[in-house]
$ cat work_9.csv   # CSV, C-alpha atoms
chain,number,residue,atom,x,y,z
Y,1,MET,CA,-11.7,-0.1,28.6
Y,2,ALA,CA,-13.3,1.0,25.3
Y,3,ASN,CA,-12.0,-0.2,22.0
Y,4,THR,CA,-10.5,2.9,20.4
Y,5,ALA,CA,-8.8,1.3,17.4
Y,6,GLU,CA,-9.9,3.0,14.2
Y,7,GLN,CA,-11.6,1.2,11.5
Y,8,PRO,CA,-9.5,0.7,8.4
Y,9,ARG,CA,-10.1,3.5,5.8
Y,10,GLU,CA,-10.9,2.8,2.2
Y,11,ARG,CA,-7.7,3.1,0.1
Y,12,PHE,CA,-7.8,5.7,-2.7
Y,13,SER,CA,-10.9,7.4,-1.4
Y,14,ASN,CA,-11.2,9.7,-4.4
Y,15,PHE,CA,-9.8,7.4,-7.1
Y,16,THR,CA,-10.7,7.8,-10.7
Y,17,PRO,CA,-9.8,5.0,-13.1
Y,18,TYR,CA,-7.6,5.9,-16.0
Y,19,GLU,CA,-9.3,6.1,-19.4
Y,20,MET,CA,-6.9,5.4,-22.3
Y,21,LYS,CA,-7.2,7.8,-25.2
Y,22,LYS,CA,-7.6,6.4,-28.7
Y,23,GLY,CA,-4.2,5.5,-30.1
Y,24,GLU,CA,-2.5,6.2,-26.8
Y,25,ASP,CA,0.7,4.2,-26.1
Y,26,TYR,CA,0.9,2.0,-23.0
Y,27,MET,CA,2.7,3.9,-20.2
Y,28,SER,CA,2.4,7.2,-21.9
Y,29,ALA,CA,3.4,10.4,-20.0
Y,30,ASP,CA,-0.3,10.9,-19.0
Y,31,MET,CA,-0.6,7.4,-17.8
Y,32,LEU,CA,2.7,7.5,-15.8
Y,33,GLU,CA,1.5,10.8,-14.2
Y,34,HIS,CA,-1.8,9.1,-13.3
Y,35,PHE,CA,0.1,6.3,-11.5
Y,36,ARG,CA,2.5,8.7,-9.8
Y,37,ASN,CA,-0.4,10.7,-8.4
Y,38,LEU,CA,-2.1,7.5,-7.3
Y,39,LEU,CA,1.1,6.4,-5.5
Y,40,LEU,CA,1.6,9.8,-3.9
Y,41,GLN,CA,-2.0,9.9,-2.7
Y,42,TRP,CA,-1.6,6.4,-1.2
Y,43,LYS,CA,1.6,7.3,0.5
Y,44,GLN,CA,0.1,10.5,1.9
Y,45,GLU,CA,-2.8,8.5,3.4
Y,46,LEU,CA,-0.4,6.0,4.9
Y,47,MET,CA,1.6,8.8,6.5
Y,48,GLU,CA,-1.5,10.3,7.9
Y,49,GLU,CA,-2.3,6.9,9.5
Y,50,VAL,CA,1.1,7.0,11.1
Y,51,ASP,CA,0.5,10.4,12.6
Y,52,ARG,CA,-2.9,9.3,13.9
Y,53,THR,CA,-1.4,6.2,15.5
Y,54,MET,CA,1.3,8.3,17.2
Y,55,HIS,CA,-1.4,10.7,18.6
Y,56,HIS,CA,-3.6,7.9,19.6
Y,57,MET,CA,-0.9,6.1,21.5
Y,58,GLN,CA,0.3,9.3,23.2
Y,59,GLU,CA,-3.2,10.3,24.2
Y,60,ASP,CA,-4.4,6.9,25.3
Y,61,ALA,CA,-1.3,5.8,27.1
Y,62,ALA,CA,-2.4,5.2,30.7
Y,63,ASN,CA,-1.0,3.2,33.6
Y,64,TYR,CA,-4.0,1.0,34.4
Y,65,ALA,CA,-4.1,-0.5,37.9
Y,66,ASP,CA,-6.0,-3.5,36.6
Y,67,PRO,CA,-3.7,-6.0,34.9
Y,68,SER,CA,-6.5,-7.0,32.4
Y,69,ASP,CA,-6.9,-3.4,31.3
Y,70,ARG,CA,-3.1,-2.9,31.0
Y,71,ALA,CA,-2.8,-6.1,29.0
Y,72,THR,CA,-5.7,-5.0,26.7
Y,73,GLN,CA,-4.0,-1.7,26.1
Y,74,GLU,CA,-0.7,-3.3,25.4
Y,75,GLU,CA,-2.2,-5.7,22.9
Y,76,GLU,CA,-4.0,-2.8,21.1
Y,77,PHE,CA,-0.8,-0.9,20.9
Y,78,SER,CA,1.1,-3.9,19.7
Y,79,LEU,CA,-1.4,-4.6,17.0
Y,80,GLU,CA,-1.3,-0.9,15.9
Y,81,LEU,CA,2.5,-1.0,15.8
Y,82,ARG,CA,2.6,-4.2,13.7
Y,83,THR,CA,0.1,-2.6,11.3
Y,84,ARG,CA,2.3,0.6,11.1
Y,85,ASP,CA,5.4,-1.6,10.5
Y,86,ARG,CA,3.7,-3.2,7.5
Y,87,GLU,CA,2.6,0.2,6.2
Y,88,ARG,CA,6.2,1.5,6.7
Y,89,LYS,CA,7.4,-1.4,4.4
Y,90,LEU,CA,4.6,-0.5,2.0
Y,91,ILE,CA,5.7,3.2,1.9
Y,92,LYS,CA,9.3,2.0,1.0
Y,93,LYS,CA,7.8,-0.1,-1.8
Y,94,ILE,CA,5.7,2.9,-3.0
Y,95,ASP,CA,8.9,5.0,-3.1
Y,96,GLN,CA,10.7,2.3,-5.1
Y,97,THR,CA,7.8,2.2,-7.5
Y,98,ILE,CA,7.9,6.0,-7.9
Y,99,ASP,CA,11.6,5.6,-8.7
Y,100,ARG,CA,10.7,3.1,-11.4
Y,101,ILE,CA,8.3,5.6,-12.9
Y,102,ASP,CA,11.0,8.2,-12.9
Y,103,LYS,CA,13.3,5.8,-14.8
Y,104,ASP,CA,10.6,4.8,-17.3
Y,105,ASP,CA,10.7,1.2,-16.0
Y,106,TYR,CA,7.1,0.9,-14.8
Y,107,GLY,CA,4.2,-1.1,-16.0
Y,108,PHE,CA,6.1,-4.1,-17.4
Y,109,CYS,CA,6.6,-7.5,-15.9
Y,110,ASP,CA,10.1,-8.0,-14.2
Y,111,GLN,CA,10.0,-11.6,-15.2
Y,112,CYS,CA,8.7,-11.8,-18.8
Y,113,GLY,CA,8.6,-8.2,-19.9
Y,114,VAL,CA,5.0,-8.1,-21.0
Y,115,GLU,CA,2.6,-5.2,-20.0
Y,116,ILE,CA,1.2,-5.7,-16.5
Y,117,GLY,CA,-2.0,-3.9,-17.5
Y,118,ILE,CA,-3.6,-0.7,-16.4
Y,119,ARG,CA,-6.4,-2.3,-14.3
Y,120,ARG,CA,-4.0,-4.6,-12.4
Y,121,LEU,CA,-1.7,-1.7,-11.7
Y,122,GLU,CA,-4.7,0.4,-10.5
Y,123,ALA,CA,-5.6,-2.5,-8.1
Y,124,ARG,CA,-2.0,-3.0,-7.1
Y,125,PRO,CA,0.1,0.0,-8.1
Y,126,THR,CA,3.3,-1.5,-6.7
Y,127,ALA,CA,2.9,-4.7,-8.8
Y,128,THR,CA,6.1,-5.8,-10.6
Y,129,LEU,CA,4.8,-9.0,-12.2
Y,130,CYS,CA,2.0,-9.6,-14.7
Y,131,ILE,CA,-0.9,-11.7,-13.5
Y,132,ASP,CA,0.5,-14.9,-15.2
Y,133,CYS,CA,3.9,-14.7,-13.6
Y,134,LYS,CA,2.5,-13.7,-10.2
Y,135,THR,CA,0.1,-16.7,-10.4
Y,136,LEU,CA,3.1,-19.1,-11.2
Y,137,ALA,CA,5.1,-17.5,-8.4
Y,138,GLU,CA,2.3,-18.2,-5.9
Y,139,ILE,CA,1.9,-21.8,-7.1
Y,140,ARG,CA,5.7,-22.3,-6.7
Y,141,GLU,CA,5.6,-20.7,-3.3
Y,142,ARG,CA,2.7,-23.0,-2.1
Y,143,GLN,CA,4.5,-26.1,-3.5
Y,144,THR,CA,7.9,-25.3,-2.1
Y,145,GLY,CA,6.9,-23.3,1.0
Y,146,ILE,CA,9.5,-20.7,0.2
$ encode --input "work_9.csv" --output "structure tokens"
Amino acid sequence: MANTAEQPRERFSNFTPYEMKKGEDYMSADMLEHFRNLLLQWKQELMEEVDRTMHHMQEDAANYADPSDRATQEEEFSLELRTRDRERKLIKKIDQTIDRIDKDDYGFCDQCGVEIGIRRLEARPTATLCIDCKTLAEIRERQTGI
């Protein structure tokens, strides 16, 4: 049985970093539009992956006589479904982030209120914590196991 799982695609395939204009305020209308477009593009790519998975599973579904082939196929499907479930949760987070943009509540740390930063948001558009608060949260998580 051939391995038909697709290789992961590069996220934001045609991404252009935002260039702040001289004197531009943090989270200006142009900047918010940049992030909205980035999030919508990411969501679209994830939705296309869902469609590809559905077609792949429908086309490749076969009732193999050999138990090893059947087990391999079931494991591939299981892995794909777990990946799609993580992506489903990410799509929900993307939608929540777009709502934050709509409410002018995007780009600032939920914990301390400072600017998260353009480059961090471009790397992780759904980030809600600045790098310092995120680092502290990760340290706390490792220490407490929560």
$ residues_around --input "work_9.csv" --residues "Pro125 of chain Y" --least-positions-apart "3" --cutoff "7 Å" --atoms "all atoms listed in the file" --output "list in words"
Leu39, Leu121 and Glu122 of chain Y
$ residues_around --input "work_9.csv" --residues "segment 83-91 of chain Y" --least-positions-apart "4" --cutoff "12 Å" --atoms "all atoms listed in the file" --output "PyMOL selection string"
chain Y and resi 5-6+8+39-54+76-79+95-98+124-127
$ write_last_selection --input "work_9.csv" --atoms "C-alpha atoms" --output "PDB file, in the coordinates of the input"
ATOM      1  CA  ALA Y   5      -8.800   1.300  17.400  1.00  0.00           C
ATOM      2  CA  GLU Y   6      -9.900   3.000  14.200  1.00  0.00           C
ATOM      3  CA  PRO Y   8      -9.500   0.700   8.400  1.00  0.00           C
ATOM      4  CA  LEU Y  39       1.100   6.400  -5.500  1.00  0.00           C
ATOM      5  CA  LEU Y  40       1.600   9.800  -3.900  1.00  0.00           C
ATOM      6  CA  GLN Y  41      -2.000   9.900  -2.700  1.00  0.00           C
ATOM      7  CA  TRP Y  42      -1.600   6.400  -1.200  1.00  0.00           C
ATOM      8  CA  LYS Y  43       1.600   7.300   0.500  1.00  0.00           C
ATOM      9  CA  GLN Y  44       0.100  10.500   1.900  1.00  0.00           C
ATOM     10  CA  GLU Y  45      -2.800   8.500   3.400  1.00  0.00           C
ATOM     11  CA  LEU Y  46      -0.400   6.000   4.900  1.00  0.00           C
ATOM     12  CA  MET Y  47       1.600   8.800   6.500  1.00  0.00           C
ATOM     13  CA  GLU Y  48      -1.500  10.300   7.900  1.00  0.00           C
ATOM     14  CA  GLU Y  49      -2.300   6.900   9.500  1.00  0.00           C
ATOM     15  CA  VAL Y  50       1.100   7.000  11.100  1.00  0.00           C
ATOM     16  CA  ASP Y  51       0.500  10.400  12.600  1.00  0.00           C
ATOM     17  CA  ARG Y  52      -2.900   9.300  13.900  1.00  0.00           C
ATOM     18  CA  THR Y  53      -1.400   6.200  15.500  1.00  0.00           C
ATOM     19  CA  MET Y  54       1.300   8.300  17.200  1.00  0.00           C
ATOM     20  CA  GLU Y  76      -4.000  -2.800  21.100  1.00  0.00           C
ATOM     21  CA  PHE Y  77      -0.800  -0.900  20.900  1.00  0.00           C
ATOM     22  CA  SER Y  78       1.100  -3.900  19.700  1.00  0.00           C
ATOM     23  CA  LEU Y  79      -1.400  -4.600  17.000  1.00  0.00           C
ATOM     24  CA  ASP Y  95       8.900   5.000  -3.100  1.00  0.00           C
ATOM     25  CA  GLN Y  96      10.700   2.300  -5.100  1.00  0.00           C
ATOM     26  CA  THR Y  97       7.800   2.200  -7.500  1.00  0.00           C
ATOM     27  CA  ILE Y  98       7.900   6.000  -7.900  1.00  0.00           C
ATOM     28  CA  ARG Y 124      -2.000  -3.000  -7.100  1.00  0.00           C
ATOM     29  CA  PRO Y 125       0.100   0.000  -8.100  1.00  0.00           C
ATOM     30  CA  THR Y 126       3.300  -1.500  -6.700  1.00  0.00           C
ATOM     31  CA  ALA Y 127       2.900  -4.700  -8.800  1.00  0.00           C
TER      32      ALA Y 127
END
$ atom_distance --input "work_9.csv" --atom1 "atom CA of Ile116 of chain Y" --atom2 "atom CA of Thr128 of chain Y"
7.7 Å
$ residues_around --input "work_9.csv" --residues "segment 103-107 of chain Y" --least-positions-apart "5" --cutoff "7 Å" --atoms "all atoms listed in the file" --output "VMD selection string"
chain Y and resid 27 115 to 117
